[in-house]
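Data block for my_file-v1.cif (mmCIF, C-alpha atoms):
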data_coords
#
loop_
_atom_site.label_atom_id
_atom_site.label_comp_id
_atom_site.auth_asym_id
_atom_site.auth_seq_id
_atom_site.Cartn_x
_atom_site.Cartn_y
_atom_site.Cartn_z
CA MET A 1 136.55 104.80 63.38
CA GLU A 2 136.69 101.98 60.88
CA THR A 3 139.83 101.81 58.74
CA LEU A 4 139.69 101.68 54.95
CA HIS A 5 142.05 99.17 53.34
CA ILE A 6 143.21 99.68 49.75
CA ILE A 7 144.95 97.02 47.68
CA GLY A 8 147.27 98.49 45.05
CA GLY A 9 149.37 101.64 44.98
CA GLY A 10 148.97 102.61 41.33
CA MET A 11 147.10 105.63 40.01
CA ALA A 12 143.72 104.51 41.34
CA GLY A 13 144.91 103.22 44.71
CA SER A 14 147.02 106.31 45.39
CA GLU A 15 144.14 108.65 44.55
CA ALA A 16 141.66 106.60 46.60
CA ALA A 17 143.95 106.65 49.63
CA TRP A 18 144.45 110.40 49.37
CA GLN A 19 140.75 111.20 48.99
CA ALA A 20 139.69 108.99 51.92
CA ALA A 21 142.42 110.30 54.20
CA GLU A 22 141.59 113.90 53.31
CA ALA A 23 138.00 113.12 54.32
CA GLY A 24 139.29 112.11 57.78
CA VAL A 25 139.22 108.32 57.40
CA PRO A 26 142.28 106.24 58.40
CA VAL A 27 143.72 104.27 55.48
CA VAL A 28 146.03 101.29 55.11
CA LEU A 29 147.54 101.09 51.62
CA HIS A 30 148.64 97.56 50.68
CA GLU A 31 151.24 97.32 47.90
CA MET A 32 153.08 94.15 46.93
CA ARG A 33 155.91 95.99 45.16
CA PRO A 34 158.88 95.90 45.52
CA THR A 35 158.60 92.60 47.45
CA VAL A 36 156.67 91.11 44.52
CA GLY A 37 157.38 92.69 41.13
CA THR A 38 155.50 92.79 37.84
CA PHE A 39 156.50 92.67 34.19
CA ALA A 40 155.98 96.39 33.66
CA HIS A 41 156.93 98.06 36.96
CA LYS A 42 160.53 99.07 37.65
CA THR A 43 160.26 100.61 41.15
CA GLY A 44 158.35 100.33 44.41
CA ASP A 45 157.02 103.89 44.10
CA PHE A 46 153.32 104.64 44.12
CA ALA A 47 151.59 105.83 40.92
CA GLU A 48 154.46 104.59 38.76
CA MET A 49 153.91 105.36 35.07
CA VAL A 50 154.60 102.13 33.20
CA CYS A 51 153.68 103.14 29.64
CA SER A 52 153.48 106.70 28.26
CA ASN A 53 154.36 109.74 30.38
CA SER A 54 151.36 111.63 29.00
CA PHE A 55 147.99 112.36 30.58
CA ARG A 56 146.83 113.37 27.08
CA SER A 57 144.91 116.55 26.23
CA ASP A 58 144.66 119.28 28.86
CA ASP A 59 141.93 121.18 26.98
CA ASP A 60 139.07 121.34 29.50
CA GLU A 61 136.73 123.22 27.15
CA ARG A 62 136.56 120.97 24.10
CA ASN A 63 138.12 117.66 25.09
CA ALA A 64 136.67 114.97 27.37
CA VAL A 65 140.09 114.02 28.81
CA GLY A 66 140.87 117.67 29.55
CA LEU A 67 137.48 117.96 31.23
CA LEU A 68 138.36 114.96 33.42
CA HIS A 69 141.59 116.79 34.36
CA TRP A 70 139.47 119.79 35.38
CA GLU A 71 137.16 117.69 37.55
CA MET A 72 140.06 115.98 39.31
CA ARG A 73 141.70 119.33 40.01
CA ALA A 74 138.39 120.65 41.36
CA ALA A 75 138.25 117.62 43.69
CA ARG A 76 141.82 118.35 44.87
CA GLY A 77 143.13 115.07 43.49
CA ILE A 78 146.72 114.16 44.31
CA ILE A 79 147.39 112.76 40.84
CA MET A 80 146.53 115.97 38.98
CA THR A 81 148.06 118.26 41.62
CA THR A 82 151.34 116.35 41.37
CA ALA A 83 151.19 116.13 37.56
CA ASP A 84 150.87 119.92 37.36
CA ARG A 85 154.00 120.34 39.48
CA HIS A 86 156.03 117.97 37.28
CA GLN A 87 154.72 119.04 33.87
CA LEU A 88 156.84 118.86 30.72
CA PRO A 89 156.19 120.76 27.47
CA ALA A 90 153.91 118.65 25.26
CA GLY A 91 152.11 120.98 22.86
CA GLY A 92 148.68 121.10 24.50
CA ALA A 93 148.93 117.72 26.21
CA LEU A 94 149.84 117.19 29.86
CA ALA A 95 153.06 115.18 30.00
CA VAL A 96 155.14 114.74 33.13
CA ASP A 97 158.59 113.76 34.33
CA ARG A 98 157.67 110.18 35.23
CA ASP A 99 160.25 109.65 37.98
CA GLY A 100 159.71 113.01 39.66
CA PHE A 101 155.95 112.51 39.47
CA SER A 102 155.80 109.08 41.12
CA GLN A 103 158.40 110.02 43.73
CA ALA A 104 156.37 113.09 44.69
CA VAL A 105 153.11 111.09 44.96
CA THR A 106 154.93 108.57 47.14
CA ALA A 107 156.35 111.28 49.40
CA ALA A 108 152.94 112.96 49.81
CA LEU A 109 151.19 109.71 50.72
CA ARG A 110 153.89 108.70 53.18
CA ALA A 111 153.71 112.11 54.84
CA HIS A 112 149.94 111.97 55.39
CA PRO A 113 149.15 111.32 59.09
CA LEU A 114 146.11 109.13 58.32
CA ILE A 115 147.79 106.82 55.78
CA SER A 116 149.82 103.80 56.83
CA PHE A 117 151.35 101.11 54.66
CA ALA A 118 151.54 97.33 54.44
CA GLU A 119 153.97 95.58 52.11
CA GLY A 120 153.38 92.15 50.62
CA GLU A 121 150.91 90.44 48.33
CA ILE A 122 147.22 90.05 49.16
CA THR A 123 146.24 86.69 47.69
CA GLU A 124 142.55 86.48 48.61
CA LEU A 125 139.67 88.92 48.69
CA PRO A 126 138.97 89.84 52.34
CA THR A 127 135.63 88.74 53.78
CA ASP A 128 135.16 91.62 56.24
CA GLY A 129 136.09 95.28 56.65
CA GLN A 130 135.94 98.06 54.07
CA TRP A 131 138.27 97.49 51.13
CA ILE A 132 139.03 98.99 47.73
CA VAL A 133 140.66 96.69 45.19
CA ALA A 134 142.76 98.84 42.86
CA THR A 135 145.23 96.24 41.63
CA GLY A 136 145.18 97.45 38.05
CA PRO A 137 145.68 95.50 34.84
CA LEU A 138 148.50 93.43 36.39
CA THR A 139 146.49 91.91 39.22
CA SER A 140 148.51 89.00 40.64
CA GLY A 141 147.48 85.52 39.63
CA ALA A 142 146.42 84.41 43.12
CA LEU A 143 144.22 87.47 43.71
CA ALA A 144 142.75 87.19 40.22
CA ASP A 145 141.80 83.60 41.00
CA SER A 146 140.14 84.76 44.21
CA ILE A 147 138.18 87.43 42.30
CA ARG A 148 136.98 84.82 39.80
CA SER A 149 135.95 82.54 42.64
CA VAL A 150 133.96 85.25 44.43
CA THR A 151 132.29 86.74 41.35
CA GLY A 152 131.50 83.47 39.68
CA ALA A 153 132.56 85.02 36.39
CA ASP A 154 135.81 85.01 34.48
CA SER A 155 137.70 88.26 34.22
CA LEU A 156 138.11 89.42 30.66
CA ALA A 157 141.52 90.11 29.21
CA PHE A 158 143.22 92.15 26.54
CA PHE A 159 146.84 92.88 25.73
CA ASP A 160 148.48 96.23 26.33
CA ALA A 161 151.77 97.08 24.64
CA ILE A 162 154.46 99.44 25.95
CA ALA A 163 156.25 101.97 23.69
CA PRO A 164 160.07 102.16 23.53
CA ILE A 165 162.09 105.05 25.04
CA VAL A 166 165.18 106.49 23.28
CA TYR A 167 168.17 108.30 24.79
CA ALA A 168 168.10 111.88 23.51
CA ASP A 169 171.82 112.05 22.77
CA SER A 170 171.50 109.15 20.33
CA ILE A 171 169.00 110.98 18.08
CA ASP A 172 170.41 112.54 14.88
CA ARG A 173 169.40 116.21 15.14
CA SER A 174 170.56 116.90 11.59
CA ILE A 175 167.60 114.82 10.40
CA VAL A 176 164.88 115.36 13.00
CA TRP A 177 163.33 118.71 13.87
CA ALA A 178 161.37 120.04 16.85
CA GLN A 179 157.71 120.92 16.23
CA SER A 180 154.33 120.09 17.70
CA ARG A 181 151.69 119.21 15.14
CA TYR A 182 150.11 122.42 13.79
CA ASP A 183 152.49 124.34 16.14
CA LYS A 184 150.06 123.64 18.97
CA GLY A 185 150.80 125.19 22.35
CA GLU A 186 150.88 128.54 24.11
CA THR A 187 154.68 128.86 24.38
CA GLU A 188 157.56 128.21 22.00
CA GLU A 189 158.63 125.32 24.23
CA GLU A 190 155.21 123.67 23.84
CA GLN A 191 155.15 124.39 20.11
CA LYS A 192 158.44 122.45 19.83
CA ALA A 193 157.65 119.69 22.32
CA TYR A 194 158.02 116.85 19.80
CA LEU A 195 160.92 115.66 17.65
CA ASN A 196 159.90 114.58 14.15
CA CYS A 197 161.56 111.89 12.04
CA PRO A 198 160.64 112.31 8.34
CA MET A 199 160.21 109.36 5.98
CA THR A 200 160.18 109.24 2.21
CA ARG A 201 157.91 106.73 0.53
CA ASP A 202 160.86 104.36 0.11
CA ASP A 203 161.76 104.76 3.79
CA TYR A 204 158.17 103.99 4.78
CA GLU A 205 157.81 100.93 2.54
CA ALA A 206 161.11 99.50 3.82
CA PHE A 207 160.01 100.11 7.40
CA ILE A 208 156.65 98.37 6.85
CA ASP A 209 158.37 95.39 5.19
CA ALA A 210 160.76 95.02 8.14
CA LEU A 211 157.98 95.48 10.66
CA LEU A 212 155.80 92.78 9.11
CA ALA A 213 158.75 90.35 8.88
CA ALA A 214 160.06 90.95 12.42
CA ASP A 215 159.95 88.28 15.11
CA LYS A 216 157.03 88.85 17.48
CA ALA A 217 156.48 87.78 21.07
CA GLU A 218 154.69 84.46 21.45
CA PHE A 219 151.44 84.15 23.35
CA HIS A 220 151.11 81.60 26.11
CA GLU A 221 148.72 78.69 25.70
CA GLY A 222 145.13 79.75 26.27
CA GLU A 223 145.78 83.46 25.65
CA THR A 224 144.06 85.39 22.90
CA ALA A 225 145.05 88.72 21.42
CA GLY A 226 142.05 90.93 22.11
CA TYR A 227 143.82 94.28 21.85
CA PHE A 228 142.33 97.53 23.08
CA ASP A 229 142.02 99.70 19.95
CA GLY A 230 143.49 102.77 21.67
CA CYS A 231 146.77 100.94 22.32
CA LEU A 232 147.34 98.73 19.26
CA PRO A 233 150.88 97.48 18.64
CA ILE A 234 152.34 99.01 15.49
CA GLU A 235 152.75 95.63 13.83
CA VAL A 236 149.06 94.85 14.38
CA MET A 237 148.17 98.17 12.73
CA ALA A 238 150.50 97.38 9.82
CA GLU A 239 148.86 93.97 9.38
CA ARG A 240 145.54 95.77 8.86
CA GLY A 241 146.95 97.52 5.79
CA ARG A 242 150.24 99.04 4.64
CA GLU A 243 148.86 102.59 4.84
CA THR A 244 147.31 102.22 8.31
CA LEU A 245 150.30 103.61 10.22
CA ARG A 246 150.62 106.53 7.80
CA HIS A 247 147.08 107.53 8.71
CA GLY A 248 147.64 106.85 12.41
CA PRO A 249 150.69 107.59 14.60
CA MET A 250 152.88 108.23 11.52
CA LYS A 251 150.60 110.73 9.79
CA PRO A 252 152.62 113.58 8.22
CA VAL A 253 150.04 116.35 8.62
CA GLY A 254 150.54 119.67 10.45
CA LEU A 255 154.34 119.52 10.21
CA THR A 256 157.00 121.30 8.15
CA ASN A 257 160.54 119.90 7.97
CA ALA A 258 162.77 122.66 9.35
CA HIS A 259 165.78 121.22 7.49
CA ARG A 260 163.96 120.90 4.15
CA PRO A 261 160.86 123.13 4.22
CA THR A 262 159.85 122.36 0.62
CA ASP A 263 160.03 118.56 1.04
CA LYS A 264 156.75 116.99 2.13
CA PRO A 265 157.41 113.84 4.21
CA TYR A 266 155.47 110.74 3.21
CA ALA A 267 155.25 109.74 6.88
CA VAL A 268 156.54 111.10 10.20
CA VAL A 269 157.48 109.34 13.43
CA GLN A 270 157.13 111.61 16.47
CA LEU A 271 159.18 111.49 19.68
CA ARG A 272 157.95 113.12 22.89
CA ARG A 273 160.11 114.23 25.79
CA ASP A 274 159.81 111.73 28.62
CA ASN A 275 161.60 113.39 31.55
CA ALA A 276 162.36 116.84 32.93
CA LEU A 277 166.03 116.65 31.99
CA GLY A 278 165.16 116.09 28.35
CA THR A 279 167.46 113.05 28.22
CA LEU A 280 164.73 110.58 27.24
CA PHE A 281 162.15 110.56 24.44
CA ASN A 282 159.39 108.03 23.86
CA ILE A 283 158.26 107.02 20.38
CA VAL A 284 154.67 108.25 20.21
CA GLY A 285 152.09 105.57 19.44
CA PHE A 286 154.76 102.89 18.92
CA GLN A 287 153.57 100.22 21.31
CA THR A 288 154.99 96.94 20.10
CA LYS A 289 155.25 93.22 20.78
CA MET A 290 158.32 92.66 18.59
CA LYS A 291 161.10 90.71 20.26
CA TYR A 292 163.88 92.91 21.64
CA GLY A 293 166.47 92.10 18.95
CA ALA A 294 163.97 92.77 16.18
CA GLN A 295 162.88 96.03 17.80
CA THR A 296 166.33 97.60 17.69
CA GLU A 297 166.81 96.57 14.04
CA VAL A 298 163.40 97.81 12.88
CA LEU A 299 163.32 101.05 14.89
CA ARG A 300 166.80 102.02 13.66
CA LEU A 301 165.36 102.10 10.13
CA ILE A 302 163.57 105.31 11.17
CA PRO A 303 165.50 108.34 9.82
CA GLY A 304 167.17 110.07 12.75
CA LEU A 305 167.24 106.90 14.84
CA GLN A 306 169.91 105.02 12.91
CA GLY A 307 172.19 105.13 15.96
CA ALA A 308 169.46 105.11 18.59
CA ARG A 309 170.15 103.69 22.03
CA PHE A 310 167.13 102.54 23.99
CA ALA A 311 166.49 103.19 27.66
CA ARG A 312 163.55 100.80 27.45
CA LEU A 313 162.29 98.60 24.68
CA GLY A 314 158.64 97.88 24.10
CA GLY A 315 156.89 94.97 25.71
CA ILE A 316 153.53 93.29 25.98
CA HIS A 317 151.57 92.02 28.92
CA ARG A 318 148.13 90.75 29.72
CA ASN A 319 145.66 93.18 31.25
CA THR A 320 142.75 91.81 33.25
CA PHE A 321 139.49 93.61 33.98
CA LEU A 322 136.09 92.82 35.41
CA ASN A 323 132.85 92.56 33.51
CA SER A 324 131.82 95.51 35.64
CA PRO A 325 128.31 96.09 34.23
CA THR A 326 127.26 92.74 35.71
CA LEU A 327 129.41 92.76 38.86
CA LEU A 328 129.48 96.31 40.30
CA ASP A 329 126.76 98.62 41.59
CA ASP A 330 126.77 102.38 41.00
CA ARG A 331 128.75 102.89 44.23
CA MET A 332 131.49 100.71 42.66
CA ARG A 333 130.76 97.93 45.19
CA LEU A 334 130.98 94.28 44.27
CA LYS A 335 127.38 93.08 44.32
CA ALA A 336 128.42 89.71 45.74
CA ARG A 337 130.37 91.39 48.58
CA PRO A 338 129.35 95.02 49.15
CA ASN A 339 132.25 95.61 51.58
CA LEU A 340 134.55 95.46 48.53
CA ARG A 341 134.86 98.27 46.02
CA PHE A 342 136.88 98.14 42.82
CA ALA A 343 138.68 101.06 41.19
CA GLY A 344 141.04 101.79 38.31
CA GLN A 345 141.78 99.82 35.17
CA VAL A 346 140.56 96.57 36.69
CA THR A 347 137.03 98.03 36.40
CA GLY A 348 137.33 98.46 32.62
CA VAL A 349 138.44 102.05 32.21
CA GLU A 350 141.52 102.75 30.12
CA GLY A 351 144.20 105.36 30.77
CA TYR A 352 146.06 106.92 33.68
CA VAL A 353 143.56 109.72 34.26
CA GLU A 354 140.50 107.51 33.94
CA SER A 355 142.01 105.01 36.41
CA ALA A 356 142.85 107.74 38.91
CA ALA A 357 139.36 109.22 38.53
CA MET A 358 137.74 105.90 39.46
CA GLY A 359 140.07 105.79 42.47
CA LEU A 360 138.96 109.27 43.43
CA LEU A 361 135.30 108.24 43.35
CA ALA A 362 135.86 104.94 45.16
CA GLY A 363 137.89 106.68 47.88
CA ARG A 364 135.24 109.34 48.45
CA MET A 365 132.38 106.84 48.38
CA ALA A 366 134.08 104.45 50.81
CA ALA A 367 134.97 107.31 53.18
CA ALA A 368 131.39 108.57 53.10
CA GLU A 369 130.06 105.12 53.97
CA ILE A 370 132.48 104.78 56.90
CA LEU A 371 131.39 108.23 58.11
CA GLY A 372 127.73 107.18 57.98
CA ARG A 373 126.75 108.93 54.76
CA ASP A 374 125.78 107.80 51.29
CA LEU A 375 127.56 109.46 48.38
CA PRO A 376 125.97 108.99 44.95
CA PRO A 377 128.19 109.27 41.88
CA PRO A 378 128.34 112.58 40.00
CA GLY A 379 125.79 112.94 37.22
CA PRO A 380 126.32 111.18 33.88
CA GLU A 381 126.75 114.59 32.23
CA THR A 382 130.14 114.91 34.01
CA ALA A 383 133.32 113.17 32.83
CA MET A 384 133.63 111.06 35.99
CA GLY A 385 129.93 110.34 36.07
CA SER A 386 129.89 109.26 32.43
CA LEU A 387 132.68 106.77 33.09
CA VAL A 388 131.23 105.23 36.24
CA ASN A 389 127.81 105.10 34.57
CA HIS A 390 129.34 103.29 31.60
CA ILE A 391 131.19 100.65 33.60
CA THR A 392 128.42 99.99 36.12
CA GLY A 393 125.53 99.57 33.73
CA GLY A 394 125.72 101.85 30.71
CA ALA A 395 127.81 99.43 28.67
CA GLU A 396 126.58 96.24 27.03
CA ALA A 397 127.88 93.45 29.26
CA LYS A 398 128.29 90.94 26.41
CA THR A 399 130.65 93.20 24.48
CA PHE A 400 132.17 95.16 27.38
CA GLN A 401 135.67 96.44 26.60
CA PRO A 402 138.03 98.95 28.27
CA MET A 403 137.03 102.54 27.56
CA ASN A 404 138.69 105.94 27.58
CA VAL A 405 136.55 108.93 28.55
CA ASN A 406 134.89 110.47 25.48
CA PHE A 407 131.88 112.61 24.69
CA GLY A 408 130.10 109.57 23.30
CA LEU A 409 129.55 108.44 26.91
CA PHE A 410 127.77 111.70 27.83
CA PRO A 411 124.00 112.28 27.53
CA PRO A 412 123.42 114.02 24.16
CA ILE A 413 123.22 117.78 24.08
CA GLU A 414 121.36 119.90 21.54
CA ALA A 415 123.65 122.08 19.44
CA LYS A 416 123.25 123.65 16.00
CA GLY A 417 125.64 123.60 13.11
CA GLY A 418 126.35 119.92 12.40
CA ARG A 419 130.06 119.17 11.95
CA ARG A 420 130.85 122.89 11.77
CA GLY A 421 129.32 123.33 15.19
CA ARG A 422 131.25 120.49 16.82
CA LYS A 423 133.57 122.77 18.78
CA ASP A 424 130.61 124.71 20.13
CA ARG A 425 128.86 121.46 20.98
CA TYR A 426 131.91 120.19 22.90
CA LYS A 427 132.07 123.50 24.78
CA ALA A 428 128.41 123.01 25.71
CA TYR A 429 129.24 119.54 27.02
CA THR A 430 132.05 120.85 29.22
CA ASP A 431 130.08 123.85 30.49
CA ARG A 432 127.23 121.58 31.53
CA ALA A 433 129.64 119.10 33.14
CA LYS A 434 131.50 121.72 35.15
CA GLU A 435 128.29 123.13 36.57
CA SER A 436 127.04 119.67 37.53
CA PHE A 437 130.35 118.54 39.02
CA THR A 438 130.66 121.72 41.08
CA LEU A 439 127.19 121.08 42.54
CA TRP A 440 128.22 117.48 43.34
CA LEU A 441 131.29 118.72 45.21
CA ASP A 442 129.37 121.47 47.01
CA ALA A 443 126.81 118.95 48.27
CA GLN A 444 129.60 117.14 50.12
CA GLY A 445 130.40 120.21 52.21
#
Output the file's structure in the form of structure tokens.
Amino acid sequence: METLHIIGGGMAGSEAAWQAAEAGVPVVLHEMRPTVGTFAHKTGDFAEMVCSNSFRSDDDERNAVGLLHWEMRAARGIIMTTADRHQLPAGGALAVDRDGFSQAVTAALRAHPLISFAEGEITELPTDGQWIVATGPLTSGALADSIRSVTGADSLAFFDAIAPIVYADSIDRSIVWAQSRYDKGETEEEQKAYLNCPMTRDDYEAFIDALLAADKAEFHEGETAGYFDGCLPIEVMAERGRETLRHGPMKPVGLTNAHRPTDKPYAVVQLRRDNALGTLFNIVGFQTKMKYGAQTEVLRLIPGLQGARFARLGGIHRNTFLNSPTLLDDRMRLKARPNLRFAGQVTGVEGYVESAAMGLLAGRMAAAEILGRDLPPPGPETAMGSLVNHITGGAEAKTFQPMNVNFGLFPPIEAKGGRRGRKDRYKAYTDRAKESFTLWLDAQG
């Protein structure tokens, strides 16, 4: 039987390898780490989480991301199965212990009898054999050059910023309090999954002044700052208006200061637990490109973080992705070389779950082809189907940008009630998607 080769052991590559091997196809997973490192990765583990430790909302009835979780669980995906085993309280979101998660994915892949491994960098796109390229937003320069050469089109680029992580024992608990926004969550632990740092108006204005004045990372010659709106650095948001952050990641709504219940904060900075031990917290929505020295000075202006020690400071790196609507077919194959499939963020999806979902589809599709079958994508009314439809033809090629899953990608559904009926409409979307996705799975036997 022909072997499937996969380049990249991130979320997409790990999921693709698992799905193909579970279908009975032998897999070789090629990963350049730790032999060749990247700016963002710290280990050689598979499915390493380099930014947030959150998979976002786990609501599969009224949220498109939660629906994508549901579909991946239904397809027995390794990423969601492992995330569930390493879950941390996050008030309705699915957050995980990042180290335990990636170590468990690595162990499961290495234990699979049909998966073998090859270390070292792949510098050119292979001309024969069945391959999935899942090299993510940090595709190495040599391979990126090879992709450009083969496609005849430049990869697009945007900049993705990483949020800082704080040591828990350096947070002033006399100032911060534990509460999820609107007390969201089924258990008390989930309802108190976030730490909240309150700001007065004076605190906020001083923070904005310092943020705008701080030294920022320089761009290299020829680079442009085309940020993805879902991951804007805080200083870029502040440059758009002094109140922007207060209506974004620092909004004070749905929270009551446990230390001073009658005082209404002007703004709130939230911290989310980042590991199972509860020793690390990340600053929610605080991606930044400030230089390291400036970061510590500015972030310590946040009440409760005056003495903060940082396990990791924020950073910025260039993310590359294909103009997929022009380059890929609906089986995620490169039109110029159909033996090559692409998966993950390099295809123009954004987010851990979305990347893994594209790996799941690419792995199943490649395995089906090797086994002599054709596997169409799930319908566009499903979360996975809406994403693959978007990146392989649904999006406008001239303005193509990375996209999270959202109900705007789904075929419209009739529902009464206008804005008041939005929750019912979202439930109708997810009901329809689950039925369609189940039929897609059942058809595969």
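With atom CA of Pro411 of chain A on one side and atom CA of Ala433 of chain A on the other, the separation reads 10.5 Å.
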Could you state which residues are captured by the PyMOL selection byres ((chain A and resi 233-250) around 10) in this file, as a ChimeraX atom specification?
/A:159-163,196-199,204-205,208-214,216,227-232,251-253,266-270,283-290,314-316
Keeping C-alpha atoms for every residue in the selection just given, could you write it to a file as a compact mmCIF listing (two decimals), in the frame of the given file?
# COMPACT_ATOMS: atom_id res chain seq x y z
CA PHE A 159 146.84 92.88 25.73
CA ASP A 160 148.48 96.23 26.33
CA ALA A 161 151.77 97.08 24.64
CA ILE A 162 154.46 99.44 25.95
CA ALA A 163 156.25 101.97 23.69
CA ASN A 196 159.90 114.58 14.15
CA CYS A 197 161.56 111.89 12.04
CA PRO A 198 160.64 112.31 8.34
CA MET A 199 160.21 109.36 5.98
CA TYR A 204 158.17 103.99 4.78
CA GLU A 205 157.81 100.93 2.54
CA ILE A 208 156.65 98.37 6.85
CA ASP A 209 158.37 95.39 5.19
CA ALA A 210 160.76 95.02 8.14
CA LEU A 211 157.98 95.48 10.66
CA LEU A 212 155.80 92.78 9.11
CA ALA A 213 158.75 90.35 8.88
CA ALA A 214 160.06 90.95 12.42
CA LYS A 216 157.03 88.85 17.48
CA TYR A 227 143.82 94.28 21.85
CA PHE A 228 142.33 97.53 23.08
CA ASP A 229 142.02 99.70 19.95
CA GLY A 230 143.49 102.77 21.67
CA CYS A 231 146.77 100.94 22.32
CA LEU A 232 147.34 98.73 19.26
CA LYS A 251 150.60 110.73 9.79
CA PRO A 252 152.62 113.58 8.22
CA VAL A 253 150.04 116.35 8.62
CA TYR A 266 155.47 110.74 3.21
CA ALA A 267 155.25 109.74 6.88
CA VAL A 268 156.54 111.10 10.20
CA VAL A 269 157.48 109.34 13.43
CA GLN A 270 157.13 111.61 16.47
CA ILE A 283 158.26 107.02 20.38
CA VAL A 284 154.67 108.25 20.21
CA GLY A 285 152.09 105.57 19.44
CA PHE A 286 154.76 102.89 18.92
CA GLN A 287 153.57 100.22 21.31
CA THR A 288 154.99 96.94 20.10
CA LYS A 289 155.25 93.22 20.78
CA MET A 290 158.32 92.66 18.59
CA GLY A 314 158.64 97.88 24.10
CA GLY A 315 156.89 94.97 25.71
CA ILE A 316 153.53 93.29 25.98
Evaluating the PyMOL selection byres ((chain A and resi 399) around 12) on the displayed file yields which residues, as number ranges by chain?
A: 156, 226, 323-326, 348, 391, 394-398, 400-403
Could you expand the PyMOL selection byres ((chain A and resi 353-364) around 6) into the explicit residues it covers here, written as a PDB file with C-alpha atoms, in the coordinates of the input?
ATOM      1  CA  MET A  11     147.100 105.630  40.010  1.00  0.00           C
ATOM      2  CA  ALA A  12     143.720 104.510  41.340  1.00  0.00           C
ATOM      3  CA  GLY A  13     144.910 103.220  44.710  1.00  0.00           C
ATOM      4  CA  GLU A  15     144.140 108.650  44.550  1.00  0.00           C
ATOM      5  CA  ALA A  16     141.660 106.600  46.600  1.00  0.00           C
ATOM      6  CA  GLN A  19     140.750 111.200  48.990  1.00  0.00           C
ATOM      7  CA  ALA A  20     139.690 108.990  51.920  1.00  0.00           C
ATOM      8  CA  ALA A 343     138.680 101.060  41.190  1.00  0.00           C
ATOM      9  CA  GLY A 344     141.040 101.790  38.310  1.00  0.00           C
ATOM     10  CA  GLN A 345     141.780  99.820  35.170  1.00  0.00           C
ATOM     11  CA  GLY A 351     144.200 105.360  30.770  1.00  0.00           C
ATOM     12  CA  TYR A 352     146.060 106.920  33.680  1.00  0.00           C
ATOM     13  CA  MET A 365     132.380 106.840  48.380  1.00  0.00           C
ATOM     14  CA  ALA A 366     134.080 104.450  50.810  1.00  0.00           C
ATOM     15  CA  ALA A 367     134.970 107.310  53.180  1.00  0.00           C
TER      16      ALA A 367
END
Taking 6 positions as the minimum chain separation for residues in the same chain, which residues sit within 8 Å of Ile171 of chain A when counting all atoms listed in the file? Answer as a list in words.
Gly304, Leu305, Gln306, Gly307 and Ala308 of chain A
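In terms of minimum interatomic distance to Arg272 of chain A, A:Glu190 ranks closest within A:Glu190, A:Glu22, A:Asp45, A:Asp442, counting all atoms listed in the file.
Of the listed residues A:Arg318, A:Arg76, A:Gly129, A:Thr3, the one whose atoms come nearest to Leu441 of chain A is A:Arg76, with distances taken using only C-alpha atoms.
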Tell me, as an NGL selection string, which residues lie within 8 Å of Arg56 of chain A, counting only C-alpha atoms; anything in the same chain fewer than 3 positions away does not count.
:A and (65-66 or 93-95)
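Straight-line separation from atom CA of Ala142 of chain A to atom CA of Ile122 of chain A: 8.3 Å.
Nearest residue to Thr279 of chain A among A:Tyr182, A:Phe342, A:Tyr167, A:Phe101 is A:Tyr167, counting only C-alpha atoms.
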re atom CA of Ile175 of chain A and atom CA of Ile302 of chain A: distance 10.4 Å
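The nearest approach to Pro126 of chain A among the residues A:Leu340, A:Ala104, A:Ala311, A:Met80, with only C-alpha atoms taken into account, belongs to A:Leu340.
Nearest residue to Leu67 of chain A, choosing from A:Arg312, A:Ala336, A:Phe55, A:Phe321 and counting only C-alpha atoms: A:Phe55.
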Centre, edges in Å (one decimal): axis-aligned box, segment 87-105 of chain A, 3 Å padding on all six sides, as lines of an AutoDock Vina configuration file:
center_x = 154.5
center_y = 115.1
center_z = 33.9
size_x = 17.6
size_y = 18.0
size_z = 28.1
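Proximity ranking of A:Ala368, A:Arg341, A:Gly278, A:Thr256 relative to Ala21 of chain A places A:Ala368 first, based on only C-alpha atoms.
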